[in-house]
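Peer 1: If it helps, the file is called model_15.txt and holds compact mmCIF, C-alpha atoms and all ligand atoms:
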```
# COMPACT_ATOMS: atom_id res chain seq x y z
CA MET A 1 -67.09 -78.86 -84.85
CA ILE A 2 -67.75 -79.61 -88.51
CA MET A 3 -70.81 -81.76 -88.83
CA SER A 4 -71.90 -83.44 -91.96
CA LYS A 5 -74.66 -85.81 -92.92
CA THR A 6 -73.79 -89.36 -93.92
CA SER A 7 -77.29 -90.71 -94.51
CA THR A 8 -80.46 -89.05 -95.80
CA LYS A 9 -82.14 -90.14 -92.55
CA GLU A 10 -79.94 -87.59 -90.75
CA LEU A 11 -81.48 -84.69 -92.68
CA ALA A 12 -83.45 -82.41 -90.37
CA VAL A 13 -86.44 -82.68 -92.66
CA PHE A 14 -86.64 -86.37 -91.63
CA GLY A 15 -86.15 -85.62 -87.95
CA GLY A 16 -82.34 -85.42 -87.66
CA PRO A 17 -80.74 -82.57 -85.68
CA PRO A 18 -80.43 -79.37 -87.76
CA LEU A 19 -76.95 -78.67 -89.12
CA PHE A 20 -76.93 -75.28 -87.34
CA ASP A 21 -78.23 -74.44 -83.88
CA GLU A 22 -78.66 -70.80 -84.81
CA THR A 23 -80.39 -69.70 -87.99
CA LEU A 24 -78.15 -68.41 -90.78
CA HIS A 25 -79.64 -65.47 -92.69
CA VAL A 26 -79.20 -63.99 -96.15
CA GLY A 27 -79.09 -60.43 -94.83
CA ARG A 28 -77.99 -60.39 -91.20
CA PRO A 29 -76.96 -56.76 -90.57
CA ASN A 30 -73.33 -55.79 -91.03
CA ILE A 31 -72.23 -53.66 -88.11
CA GLY A 32 -69.14 -51.47 -88.31
CA ASP A 33 -67.07 -50.00 -85.49
CA ARG A 34 -69.43 -49.73 -82.50
CA LYS A 35 -67.20 -47.35 -80.57
CA LYS A 36 -67.11 -44.88 -83.42
CA PHE A 37 -70.85 -45.14 -83.84
CA LEU A 38 -71.48 -44.58 -80.13
CA ARG A 39 -69.13 -41.60 -80.13
CA ARG A 40 -71.21 -40.09 -82.91
CA VAL A 41 -74.39 -40.77 -80.96
CA ASN A 42 -72.90 -38.94 -77.98
CA ASP A 43 -72.01 -35.96 -80.19
CA MET A 44 -75.53 -36.02 -81.53
CA PHE A 45 -77.00 -35.79 -78.01
CA ASP A 46 -74.52 -33.07 -77.06
CA GLN A 47 -75.58 -31.00 -80.05
CA ARG A 48 -79.25 -31.87 -79.64
CA ARG A 49 -79.63 -32.42 -83.36
CA LEU A 50 -81.72 -35.50 -84.00
CA SER A 51 -83.09 -34.79 -87.48
CA ASN A 52 -83.88 -32.02 -90.01
CA ASN A 53 -80.80 -31.42 -92.12
CA GLY A 54 -78.41 -32.21 -89.28
CA PRO A 55 -74.61 -32.30 -89.50
CA PHE A 56 -74.30 -36.10 -89.82
CA MET A 57 -76.89 -36.19 -92.58
CA ARG A 58 -75.08 -33.49 -94.52
CA GLU A 59 -71.72 -35.17 -94.00
CA LEU A 60 -73.13 -38.50 -95.19
CA GLU A 61 -74.72 -36.95 -98.28
CA GLN A 62 -71.49 -35.24 -99.20
CA LYS A 63 -69.41 -38.40 -98.67
CA LEU A 64 -71.84 -40.53 -100.67
CA ALA A 65 -71.93 -38.05 -103.55
CA THR A 66 -68.13 -38.07 -103.69
CA PHE A 67 -67.93 -41.85 -103.41
CA LEU A 68 -70.52 -42.35 -106.16
CA GLY A 69 -69.11 -39.61 -108.39
CA VAL A 70 -72.47 -37.89 -108.68
CA LYS A 71 -73.39 -34.23 -108.21
CA HIS A 72 -76.27 -34.64 -105.77
CA CYS A 73 -77.08 -37.17 -103.07
CA ILE A 74 -80.37 -36.66 -101.24
CA SER A 75 -80.67 -38.95 -98.23
CA MET A 76 -84.06 -40.41 -97.38
CA CYS A 77 -85.80 -42.32 -94.58
CA ASN A 78 -85.95 -45.46 -96.77
CA ALA A 79 -85.78 -46.47 -100.43
CA THR A 80 -89.51 -47.00 -100.82
CA VAL A 81 -90.32 -43.40 -99.92
CA ALA A 82 -87.31 -42.34 -102.01
CA LEU A 83 -88.80 -44.15 -105.03
CA GLU A 84 -92.17 -42.49 -104.43
CA ILE A 85 -90.67 -39.03 -104.13
CA THR A 86 -88.45 -39.54 -107.17
CA ALA A 87 -91.33 -40.77 -109.33
CA ARG A 88 -93.35 -37.71 -108.30
CA ALA A 89 -90.47 -35.27 -108.72
CA LEU A 90 -89.93 -36.62 -112.24
CA GLY A 91 -93.60 -36.05 -113.03
CA LEU A 92 -94.34 -39.71 -113.64
CA GLN A 93 -98.00 -40.57 -114.07
CA GLY A 94 -100.18 -42.89 -116.16
CA GLU A 95 -98.03 -45.98 -116.74
CA VAL A 96 -94.42 -46.78 -115.92
CA ILE A 97 -92.60 -49.83 -117.28
CA LEU A 98 -90.55 -51.88 -114.84
CA PRO A 99 -89.58 -55.52 -114.28
CA SER A 100 -91.79 -57.80 -112.21
CA PHE A 101 -88.60 -59.54 -111.07
CA THR A 102 -87.90 -57.08 -108.26
CA PHE A 103 -88.82 -56.42 -104.64
CA VAL A 104 -92.48 -55.44 -104.44
CA ALA A 105 -91.58 -51.93 -103.22
CA SER A 106 -90.54 -50.99 -106.78
CA ALA A 107 -94.12 -51.55 -107.97
CA HIS A 108 -95.82 -50.30 -104.79
CA ALA A 109 -93.96 -46.98 -104.94
CA LEU A 110 -95.71 -46.33 -108.27
CA GLN A 111 -99.12 -47.77 -107.44
CA TRP A 112 -99.17 -45.83 -104.16
CA GLN A 113 -99.56 -42.68 -106.24
CA GLU A 114 -101.87 -44.34 -108.72
CA ILE A 115 -99.29 -44.80 -111.42
CA THR A 116 -99.90 -48.15 -113.14
CA PRO A 117 -96.86 -50.43 -113.04
CA VAL A 118 -96.53 -52.23 -116.38
CA PHE A 119 -94.42 -55.34 -115.99
CA CYS A 120 -91.76 -56.14 -118.55
CA ASP A 121 -89.95 -59.47 -118.80
CA VAL A 122 -86.29 -59.85 -117.90
CA ASP A 123 -83.21 -61.13 -119.68
CA PRO A 124 -82.57 -64.74 -118.59
CA VAL A 125 -78.81 -64.18 -118.30
CA THR A 126 -78.60 -60.78 -116.59
CA HIS A 127 -81.91 -61.08 -114.67
CA ASN A 128 -82.47 -57.39 -115.53
CA ILE A 129 -85.28 -55.75 -117.52
CA ASP A 130 -85.05 -56.78 -121.19
CA PRO A 131 -84.78 -53.59 -123.28
CA GLY A 132 -85.93 -55.53 -126.36
CA LYS A 133 -89.33 -56.08 -124.77
CA ILE A 134 -90.02 -52.51 -123.64
CA GLU A 135 -91.20 -50.77 -126.77
CA ASN A 136 -94.15 -53.13 -127.24
CA LEU A 137 -95.40 -52.07 -123.81
CA ILE A 138 -95.31 -48.33 -124.46
CA THR A 139 -98.75 -46.71 -124.77
CA PRO A 140 -99.85 -43.06 -124.94
CA ARG A 141 -100.11 -43.18 -121.13
CA THR A 142 -96.48 -44.29 -120.59
CA THR A 143 -94.32 -41.66 -118.91
CA GLY A 144 -91.27 -43.53 -117.72
CA ILE A 145 -89.10 -46.59 -117.28
CA LEU A 146 -87.95 -47.86 -113.90
CA GLY A 147 -84.94 -50.17 -114.29
CA VAL A 148 -83.73 -52.29 -111.37
CA HIS A 149 -80.05 -53.23 -111.09
CA VAL A 150 -80.78 -56.73 -109.80
CA TRP A 151 -78.01 -58.31 -107.66
CA GLY A 152 -75.98 -55.14 -108.24
CA ARG A 153 -75.40 -56.04 -111.88
CA ALA A 154 -76.22 -52.94 -113.92
CA CYS A 155 -79.15 -52.82 -116.32
CA ASP A 156 -78.38 -52.29 -119.99
CA VAL A 157 -78.21 -48.57 -119.27
CA GLU A 158 -77.33 -47.57 -122.84
CA ALA A 159 -80.27 -49.42 -124.41
CA LEU A 160 -82.69 -48.09 -121.79
CA SER A 161 -81.40 -44.53 -122.22
CA ALA A 162 -81.79 -44.80 -126.00
CA ILE A 163 -85.42 -45.94 -125.67
CA ALA A 164 -86.17 -43.22 -123.11
CA ARG A 165 -84.67 -40.56 -125.36
CA LYS A 166 -86.43 -41.77 -128.49
CA ARG A 167 -89.84 -42.14 -126.83
CA HIS A 168 -89.57 -39.07 -124.56
CA LEU A 169 -89.76 -41.04 -121.33
CA ARG A 170 -88.10 -40.42 -118.00
CA LEU A 171 -85.65 -43.07 -116.83
CA MET A 172 -85.04 -43.87 -113.17
CA PHE A 173 -83.32 -46.77 -111.48
CA ASP A 174 -84.01 -48.77 -108.38
CA ALA A 175 -80.39 -49.22 -107.32
CA ALA A 176 -81.27 -50.77 -103.94
CA HIS A 177 -78.92 -53.71 -104.69
CA ALA A 178 -76.24 -51.69 -106.38
CA PHE A 179 -74.47 -49.54 -103.83
CA ALA A 180 -70.70 -49.58 -104.57
CA CYS A 181 -71.23 -51.39 -107.90
CA THR A 182 -70.06 -50.16 -111.29
CA HIS A 183 -71.31 -50.13 -114.85
CA GLN A 184 -68.53 -49.87 -117.44
CA GLY A 185 -66.20 -48.75 -114.71
CA GLN A 186 -68.46 -45.95 -113.51
CA MET A 187 -70.16 -46.11 -110.14
CA ILE A 188 -73.89 -46.73 -110.33
CA GLY A 189 -75.62 -43.55 -109.11
CA GLY A 190 -75.29 -41.19 -112.07
CA PHE A 191 -77.31 -43.06 -114.68
CA GLY A 192 -80.74 -42.10 -116.02
CA ASP A 193 -82.54 -39.12 -114.51
CA ALA A 194 -82.06 -40.42 -110.96
CA GLU A 195 -81.10 -43.56 -109.03
CA VAL A 196 -82.45 -44.77 -105.69
CA PHE A 197 -80.45 -46.69 -103.07
CA SER A 198 -81.63 -48.59 -100.02
CA PHE A 199 -79.67 -48.59 -96.78
CA HIS A 200 -82.07 -50.90 -94.98
CA ALA A 201 -80.68 -53.04 -92.15
CA THR A 202 -80.66 -56.14 -94.39
CA LYS A 203 -78.65 -54.44 -97.14
CA PHE A 204 -74.87 -54.83 -96.91
CA PHE A 205 -74.43 -51.13 -96.18
CA ASN A 206 -77.03 -49.93 -93.71
CA THR A 207 -78.27 -46.90 -91.82
CA PHE A 208 -80.83 -49.00 -89.84
CA GLU A 209 -83.55 -47.72 -92.15
CA GLY A 210 -82.56 -45.35 -94.91
CA GLY A 211 -81.93 -44.65 -98.53
CA ALA A 212 -80.82 -41.99 -100.95
CA VAL A 213 -81.54 -40.55 -104.36
CA THR A 214 -78.64 -39.55 -106.58
CA THR A 215 -78.78 -37.36 -109.66
CA ASN A 216 -76.68 -34.99 -111.74
CA ASN A 217 -79.71 -32.77 -112.42
CA ASP A 218 -79.67 -29.59 -110.25
CA GLU A 219 -83.33 -28.78 -110.70
CA LEU A 220 -84.46 -32.31 -109.91
CA ALA A 221 -82.23 -32.37 -106.83
CA ALA A 222 -83.82 -29.18 -105.51
CA ARG A 223 -87.29 -30.60 -106.11
CA LEU A 224 -86.39 -33.86 -104.33
CA ARG A 225 -85.04 -31.95 -101.33
CA GLY A 226 -88.20 -29.90 -101.14
CA MET A 227 -90.55 -32.86 -101.44
CA ARG A 228 -88.58 -34.76 -98.82
CA ASN A 229 -89.39 -31.99 -96.34
CA PHE A 230 -93.13 -31.29 -96.83
CA GLY A 231 -92.45 -28.96 -99.75
CA PHE A 232 -90.93 -26.30 -97.49
CA ALA A 233 -88.68 -23.65 -99.03
CA GLY A 234 -87.75 -21.79 -95.86
CA LEU A 235 -89.72 -21.13 -92.70
CA ASP A 236 -93.51 -21.17 -93.18
CA ASN A 237 -93.13 -21.14 -96.96
CA VAL A 238 -94.51 -24.23 -98.67
CA VAL A 239 -94.04 -24.15 -102.44
CA ASP A 240 -94.88 -27.70 -103.50
CA ILE A 241 -96.62 -30.85 -102.35
CA GLY A 242 -94.32 -32.86 -100.13
CA THR A 243 -94.02 -35.63 -97.64
CA ASN A 244 -91.65 -36.58 -94.86
CA GLY A 245 -88.74 -38.54 -96.32
CA LYS A 246 -85.98 -37.25 -94.04
CA MET A 247 -83.14 -39.39 -92.73
CA SER A 248 -82.58 -39.02 -89.00
CA GLU A 249 -79.22 -38.15 -87.46
CA VAL A 250 -78.82 -41.52 -85.78
CA SER A 251 -79.26 -43.20 -89.15
CA ALA A 252 -76.76 -40.86 -90.76
CA ALA A 253 -74.31 -41.61 -87.91
CA MET A 254 -74.73 -45.30 -88.66
CA GLY A 255 -74.21 -44.58 -92.37
CA LEU A 256 -70.94 -42.75 -91.71
CA THR A 257 -69.81 -45.64 -89.53
CA SER A 258 -70.86 -48.26 -92.09
CA LEU A 259 -69.03 -46.33 -94.79
CA GLU A 260 -65.76 -46.64 -92.85
CA SER A 261 -66.13 -50.43 -92.97
CA LEU A 262 -67.40 -50.65 -96.52
CA ASP A 263 -64.25 -52.25 -97.95
CA ALA A 264 -64.21 -54.80 -95.15
CA PHE A 265 -67.88 -55.72 -95.73
CA ILE A 266 -67.30 -56.14 -99.46
CA SER A 267 -64.18 -58.23 -99.01
CA VAL A 268 -65.97 -60.60 -96.59
CA ASN A 269 -68.82 -60.91 -99.09
CA TYR A 270 -66.37 -61.58 -101.89
CA GLU A 271 -64.51 -64.26 -99.92
CA ASN A 272 -67.85 -65.85 -99.04
CA TYR A 273 -68.88 -65.82 -102.70
CA LEU A 274 -65.61 -67.52 -103.73
CA THR A 275 -66.05 -70.16 -101.02
CA TYR A 276 -69.55 -70.89 -102.30
CA CYS A 277 -68.29 -71.02 -105.90
CA SER A 278 -65.71 -73.70 -105.19
CA GLY A 279 -68.05 -75.49 -102.79
CA ILE A 280 -70.84 -76.10 -105.26
CA GLU A 281 -68.72 -76.46 -108.38
CA GLY A 282 -69.49 -79.54 -110.44
CA ILE A 283 -73.04 -80.22 -109.22
CA PRO A 284 -74.99 -80.86 -112.44
CA GLY A 285 -77.70 -78.28 -113.14
CA VAL A 286 -76.58 -75.99 -110.31
CA LYS A 287 -74.65 -72.75 -110.69
CA LEU A 288 -74.04 -69.42 -109.02
CA ILE A 289 -74.67 -66.28 -111.01
CA GLU A 290 -71.45 -64.68 -112.20
CA PHE A 291 -70.06 -61.21 -111.90
CA THR A 292 -67.96 -59.64 -114.65
CA GLY A 293 -64.37 -59.44 -113.49
CA ASN A 294 -63.88 -55.81 -114.46
CA GLU A 295 -67.00 -54.43 -112.80
CA LYS A 296 -67.15 -53.74 -109.08
CA ASN A 297 -69.87 -55.54 -107.16
CA ASN A 298 -70.75 -55.61 -103.47
CA TYR A 299 -71.35 -59.42 -103.55
CA GLN A 300 -74.30 -58.81 -101.28
CA TYR A 301 -76.24 -61.71 -102.78
CA VAL A 302 -75.01 -65.22 -103.44
CA VAL A 303 -77.53 -66.30 -106.04
CA MET A 304 -77.93 -69.92 -107.06
CA GLU A 305 -79.81 -71.03 -110.16
CA ILE A 306 -81.13 -74.54 -110.39
CA ASP A 307 -82.08 -76.35 -113.57
CA GLU A 308 -84.38 -78.96 -112.10
CA ASN A 309 -84.21 -81.22 -115.16
CA LYS A 310 -80.46 -81.54 -114.83
CA ALA A 311 -80.21 -81.31 -111.06
CA GLY A 312 -82.99 -83.80 -110.36
CA LEU A 313 -84.36 -81.72 -107.50
CA SER A 314 -86.36 -78.49 -107.47
CA ARG A 315 -85.42 -75.13 -105.99
CA ASP A 316 -88.43 -75.32 -103.68
CA LEU A 317 -87.47 -78.71 -102.31
CA LEU A 318 -83.89 -77.58 -101.75
CA VAL A 319 -85.13 -74.49 -99.87
CA LYS A 320 -87.38 -76.65 -97.70
CA LEU A 321 -84.47 -78.97 -96.85
CA LEU A 322 -82.17 -76.02 -96.09
CA HIS A 323 -84.74 -74.29 -93.88
CA ALA A 324 -85.06 -77.46 -91.82
CA GLU A 325 -81.28 -77.26 -91.20
CA ASN A 326 -81.65 -73.61 -90.03
CA ILE A 327 -80.18 -72.27 -93.26
CA LEU A 328 -82.64 -69.53 -94.15
CA ALA A 329 -82.10 -69.44 -97.92
CA ARG A 330 -84.47 -67.01 -99.65
CA ARG A 331 -86.39 -67.13 -102.90
CA TYR A 332 -86.17 -63.48 -104.07
CA PHE A 333 -88.25 -62.43 -106.02
CA TYR A 334 -90.72 -65.28 -105.81
CA PRO A 335 -93.52 -65.20 -106.92
CA GLY A 336 -92.85 -61.96 -108.85
CA CYS A 337 -94.70 -58.67 -108.33
CA HIS A 338 -97.26 -59.65 -110.97
CA GLN A 339 -98.35 -62.55 -108.73
CA MET A 340 -98.77 -60.32 -105.67
CA GLU A 341 -101.76 -58.18 -104.83
CA PRO A 342 -103.06 -55.86 -106.04
CA TYR A 343 -101.24 -56.54 -109.33
CA ARG A 344 -102.37 -60.13 -109.55
CA SER A 345 -106.02 -59.01 -109.62
CA TYR A 346 -105.36 -56.02 -111.87
CA PHE A 347 -103.45 -58.06 -114.46
CA PRO A 348 -104.57 -61.68 -114.19
CA ASN A 349 -102.90 -62.58 -117.50
CA ALA A 350 -99.57 -60.81 -116.90
CA ARG A 351 -97.70 -64.09 -116.55
CA LEU A 352 -98.28 -64.87 -120.23
CA LEU A 353 -95.98 -61.97 -121.09
CA LEU A 354 -93.39 -62.86 -118.44
CA PRO A 355 -92.00 -66.33 -119.24
CA GLU A 356 -88.42 -65.57 -118.16
CA THR A 357 -89.64 -63.95 -114.93
CA GLU A 358 -91.74 -67.03 -114.20
CA ARG A 359 -88.77 -69.31 -114.85
CA LEU A 360 -86.41 -67.28 -112.65
CA THR A 361 -88.86 -66.98 -109.77
CA ALA A 362 -89.08 -70.80 -109.80
CA ASN A 363 -85.34 -71.55 -110.12
CA VAL A 364 -83.39 -68.97 -108.16
CA LEU A 365 -82.42 -68.81 -104.48
CA GLN A 366 -80.06 -66.80 -102.27
CA LEU A 367 -77.72 -68.27 -99.70
CA PRO A 368 -76.61 -66.80 -96.36
CA THR A 369 -73.67 -64.41 -96.51
CA GLY A 370 -72.39 -61.17 -94.95
CA THR A 371 -70.10 -60.67 -91.98
CA ALA A 372 -72.26 -62.92 -89.76
CA VAL A 373 -71.32 -65.97 -91.88
CA GLY A 374 -67.82 -67.44 -92.16
CA LYS A 375 -65.88 -69.94 -94.22
CA SER A 376 -66.53 -72.95 -92.01
CA GLU A 377 -70.29 -72.39 -92.12
CA ILE A 378 -70.23 -71.98 -95.88
CA ASP A 379 -68.15 -75.15 -96.26
CA GLN A 380 -70.79 -76.99 -94.24
CA ILE A 381 -73.62 -75.48 -96.29
CA CYS A 382 -71.90 -76.52 -99.52
CA ASP A 383 -71.23 -80.05 -98.25
CA LEU A 384 -74.89 -80.31 -97.34
CA ILE A 385 -76.04 -79.00 -100.73
CA ARG A 386 -73.77 -81.52 -102.50
CA PHE A 387 -75.11 -84.27 -100.29
CA ILE A 388 -78.69 -83.25 -101.06
CA PHE A 389 -78.22 -83.17 -104.83
CA PHE A 390 -76.27 -86.44 -104.96
CA ASN A 391 -79.02 -88.13 -102.95
CA GLY A 392 -81.90 -86.35 -104.65
CA GLN A 393 -83.75 -89.46 -105.80
CA GLU A 394 -83.62 -91.09 -102.37
CA ILE A 395 -84.76 -87.88 -100.65
CA LYS A 396 -87.68 -87.44 -103.03
CA ALA A 397 -88.69 -91.08 -102.61
CA SER A 398 -88.58 -90.77 -98.84
CA ILE A 399 -90.70 -87.61 -98.88
CA ALA A 400 -93.17 -89.34 -101.21
CA GLN A 401 -93.47 -92.08 -98.58
CA GLY A 402 -94.53 -89.44 -96.09
CA ASN A 403 -91.37 -89.44 -93.95
CA SER A 404 -90.95 -85.67 -93.90
CA PHE A 405 -91.57 -83.81 -90.63
CA HIS A 406 -91.35 -80.21 -91.76
CA ASP A 407 -93.95 -78.69 -94.02
C1 LIG A 501 -84.71 -53.40 -100.26
C2 LIG A 501 -85.28 -52.99 -101.58
C3 LIG A 501 -86.19 -51.94 -101.70
C4 LIG A 501 -86.80 -51.25 -100.50
O1 LIG A 501 -85.88 -50.60 -99.73
P1 LIG A 501 -86.34 -49.99 -98.30
O2 LIG A 501 -85.17 -49.13 -97.93
O3 LIG A 501 -86.50 -51.16 -97.37
O4 LIG A 501 -87.58 -49.23 -98.49
C5 LIG A 501 -86.63 -51.57 -102.96
N1 LIG A 501 -86.21 -52.23 -104.05
C6 LIG A 501 -85.35 -53.26 -103.99
C7 LIG A 501 -84.92 -53.92 -105.26
C8 LIG A 501 -84.88 -53.69 -102.75
O5 LIG A 501 -84.05 -54.74 -102.68
```
Would you put the structure from the file into structure tokens?
Peer 2:
Amino acid sequence: MIMSKTSTKELAVFGGPPLFDETLHVGRPNIGDRKKFLRRVNDMFDQRRLSNNGPFMRELEQKLATFLGVKHCISMCNATVALEITARALGLQGEVILPSFTFVASAHALQWQEITPVFCDVDPVTHNIDPGKIENLITPRTTGILGVHVWGRACDVEALSAIARKRHLRLMFDAAHAFACTHQGQMIGGFGDAEVFSFHATKFFNTFEGGAVTTNNDELAARLRGMRNFGFAGLDNVVDIGTNGKMSEVSAAMGLTSLESLDAFISVNYENYLTYCSGIEGIPGVKLIEFTGNEKNNYQYVVMEIDENKAGLSRDLLVKLLHAENILARRYFYPGCHQMEPYRSYFPNARLLLPETERLTANVLQLPTGTAVGKSEIDQICDLIRFIFFNGQEIKASIAQGNSFHD
């Protein structure tokens, strides 16, 4: 049954029934062919290989390297540990420049090993780190740049590489959003010194928990493999500091199964994105971020940008209204890493240097998508969003009168 609201009184925020009985999520896990997965789990038990360089892990690494067109793929237990290991394997220390407009793990992975994250502002159009603002942040302590391919749209890789070369810095990428995305026709995975992917359950391609580092550098790959496994180089022989970053066999089995459904996941995401595009078209001050036609994207995130002056209603109010209807829109990456602890205390004035980050964290939201969401739900969401914006003044007036239930 398609429901829609005909009066602002029917909005859930004013006590009406929510549009959806069950909550719709931005990143409900995509699950491939269960039978194939369970068959792999049975094989795994038969072989009694649960972790430690097992056959599924090796098969997944090899398939990912081929798919990404990169020499080495080193699977990991998650992207956060993968970022930590990569930063250490690259010899990063002192300060590393990265955007604040990213998931907090990008910054934490550095700070965890006492590398100071130095936040750089982003480009308002691409949402990625602004190469023009990096050089001013370089100090004698700077050892590297960590770019983040936000929403799977590649950073300005050429500009970042040029700065890294000129200033003798290492360049790594947090590619957690960018699995199966391209930059100038080339799969993301081979840029910079190394790139890090996340295969967390909420990402469109998942291994429950998991991640991977990709690189074309043989020496770095060997170092990453060693560090992932306590620094072991053979039985009883530890040659380096290390940690435990290994991906388990059950995760690798999930990865192989997810990989077989990758095209299906992407095409559902793409259809969902197109449905949203036509559904919200023509609302003043509201737009979805665009993807260049000739680059591949995974369409994992449907990202809406709101210009409150034109739209007449803020991002935060829209999110509140949507949550009341059981539409769990998200506000990534609000409030920005620089506004989260410990960075907020370390750099109380950081926001002065991050005007575009501040603007984006106030204006951007993500809408539910993935294989758990279909066209009819998206049509309803879009109808609701149109209804909300076209009745913005009345809704705001009613909230001002204290009629709102949800806070
Ligand atoms: C999800 C994500 C991470 C963390 O990945 P995990 O695998 O959960 O550790 C890091 N950076 C970005 C940009 C992410 O979206």
Peer 1: Residues within 7 Å of region 247-261 of chain A, please, as a PyMOL selection string. Count all atoms listed in the file; anything in the same chain fewer than 6 positions from it doesn't count.
Peer 2: chain A and resi 31-33+36-37+40-41+50-51+54+56-57+60+75-77+205-210
Peer 1: Of the candidates A:Trp112, A:Tyr346, A:Phe197, A:Tyr299, which shows the shortest atom-to-atom distance to Cys73 (chain A), using all atoms listed in the file?
Peer 2: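 Comparing A:Trp112, A:Tyr346, A:Phe197, A:Tyr299 against Cys73 (chain A), the winner is A:Phe197.
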Peer 1: I'd like the interatomic distance between CA of Ala175 (chain A) and CA of Pro368 (chain A), to a tenth of an Å.
Peer 2: 21.1 Å
Peer 1: So that each row is one residue of region 94-182 of chain A with an atom at most 10 Å from region 301-319 of chain A, can you give its shortest atom pair and the distance in Å to one decimal, using only C-alpha atoms, rows by chain and rising number, as a tab-separated table?
Peer 2:
```
residue	atom	partner	partner_atom	distance
A:Val150	CA	A:Tyr301	CA	9.7
A:Trp151	CA	A:Tyr301	CA	6.2
A:Gly152	CA	A:Tyr301	CA	8.5
A:His177	CA	A:Tyr301	CA	8.7
```
Peer 1: Just the selected residues (C-alpha atoms), exported as an mmCIF file, in the frame of the given file, please.
Peer 2:
```cif
data_model
loop_
_atom_site.group_PDB
_atom_site.id
_atom_site.type_symbol
_atom_site.label_atom_id
_atom_site.label_comp_id
_atom_site.auth_asym_id
_atom_site.auth_seq_id
_atom_site.Cartn_x
_atom_site.Cartn_y
_atom_site.Cartn_z
ATOM 1 C CA VAL A 150 -80.780 -56.730 -109.800
ATOM 2 C CA TRP A 151 -78.010 -58.310 -107.660
ATOM 3 C CA GLY A 152 -75.980 -55.140 -108.240
ATOM 4 C CA HIS A 177 -78.920 -53.710 -104.690
#
```
Peer 1: Of the residues A:Ala162, A:Leu19, A:Leu98, A:Ala176, which is the one nearest to ligand LIG 501 (chain A), using all atoms listed in the file?
Peer 2: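 Among A:Ala162, A:Leu19, A:Leu98, A:Ala176, it is A:Ala176 that comes nearest to ligand LIG 501 (chain A).
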Peer 1: What residues have any atom no more than 7 Å from ligand LIG 501 (chain A) when counting all atoms listed in the file, and can you list them as number ranges by chain?
Peer 2: A: 78-81, 102-103, 105-106, 148, 150, 174-177, 198-200, 203, 209-211
Peer 1: From the list A:Lys5, A:His183, A:His338, A:Arg170, which residue is nearest Glu325 (chain A) when using only C-alpha atoms?
Peer 2: A:Lys5
Peer 1: Just to confirm, what's the straight-line distance from CA of Asp236 (chain A) to CA of Phe45 (chain A) in Å (one decimal)?
Peer 2: 26.8 Å
Peer 1: What is the CA of Gly147 (chain A)-CA of Gln300 (chain A) distance in Å, reported with one decimal?
Peer 2: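 Computed distance, CA of Gly147 (chain A) to CA of Gln300 (chain A), equals 18.9 Å.
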Peer 1: So, counting all atoms listed in the file, which residue among A:Ser100, A:Asn269, A:Asn391, A:Ser398 is closest to Leu354 (chain A)?
Peer 2: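 Result for the nearest residue to Leu354 (chain A): A:Ser100.
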Peer 1: Nearest to Gly189 (chain A): which of A:Phe101, A:Phe173, A:Phe291, A:Phe389 is it, counting only C-alpha atoms?
Peer 2: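 Among the listed residues, the smallest separation from Gly189 (chain A) belongs to A:Phe173.
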Peer 1: If we draw a sphere of 12 Å around (-100.8, -56.4, -107.0), which residues have at least one atom in it when counting all atoms listed in the file? Please report them as a list of chain:residue names.
Peer 2: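 The residues that fall inside the cut-off are A:Ser100, A:Val104, A:Ala105, A:Ser106, A:Ala107, A:His108, A:Ala109, A:Leu110, A:Gln111, A:Trp112, A:Thr116, A:Pro117, A:Val118, A:Phe119, A:Pro335, A:Gly336, A:Cys337, A:His338, A:Gln339, A:Met340, A:Glu341, A:Pro342, A:Tyr343, A:Arg344, A:Ser345, A:Tyr346, A:Phe347, A:Pro348, A:Ala350.
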Peer 1: Deliver the residues from the most recent selection as a file, using C-alpha atoms, as an mmCIF file, keeping the file's coordinate frame.
Peer 2:
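Saved the output as out-v8.cif:
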```
data_model
loop_
_atom_site.group_PDB
_atom_site.id
_atom_site.type_symbol
_atom_site.label_atom_id
_atom_site.label_comp_id
_atom_site.auth_asym_id
_atom_site.auth_seq_id
_atom_site.Cartn_x
_atom_site.Cartn_y
_atom_site.Cartn_z
ATOM 1 C CA SER A 100 -91.790 -57.800 -112.210
ATOM 2 C CA VAL A 104 -92.480 -55.440 -104.440
ATOM 3 C CA ALA A 105 -91.580 -51.930 -103.220
ATOM 4 C CA SER A 106 -90.540 -50.990 -106.780
ATOM 5 C CA ALA A 107 -94.120 -51.550 -107.970
ATOM 6 C CA HIS A 108 -95.820 -50.300 -104.790
ATOM 7 C CA ALA A 109 -93.960 -46.980 -104.940
ATOM 8 C CA LEU A 110 -95.710 -46.330 -108.270
ATOM 9 C CA GLN A 111 -99.120 -47.770 -107.440
ATOM 10 C CA TRP A 112 -99.170 -45.830 -104.160
ATOM 11 C CA THR A 116 -99.900 -48.150 -113.140
ATOM 12 C CA PRO A 117 -96.860 -50.430 -113.040
ATOM 13 C CA VAL A 118 -96.530 -52.230 -116.380
ATOM 14 C CA PHE A 119 -94.420 -55.340 -115.990
ATOM 15 C CA PRO A 335 -93.520 -65.200 -106.920
ATOM 16 C CA GLY A 336 -92.850 -61.960 -108.850
ATOM 17 C CA CYS A 337 -94.700 -58.670 -108.330
ATOM 18 C CA HIS A 338 -97.260 -59.650 -110.970
ATOM 19 C CA GLN A 339 -98.350 -62.550 -108.730
ATOM 20 C CA MET A 340 -98.770 -60.320 -105.670
ATOM 21 C CA GLU A 341 -101.760 -58.180 -104.830
ATOM 22 C CA PRO A 342 -103.060 -55.860 -106.040
ATOM 23 C CA TYR A 343 -101.240 -56.540 -109.330
ATOM 24 C CA ARG A 344 -102.370 -60.130 -109.550
ATOM 25 C CA SER A 345 -106.020 -59.010 -109.620
ATOM 26 C CA TYR A 346 -105.360 -56.020 -111.870
ATOM 27 C CA PHE A 347 -103.450 -58.060 -114.460
ATOM 28 C CA PRO A 348 -104.570 -61.680 -114.190
ATOM 29 C CA ALA A 350 -99.570 -60.810 -116.900
#
```
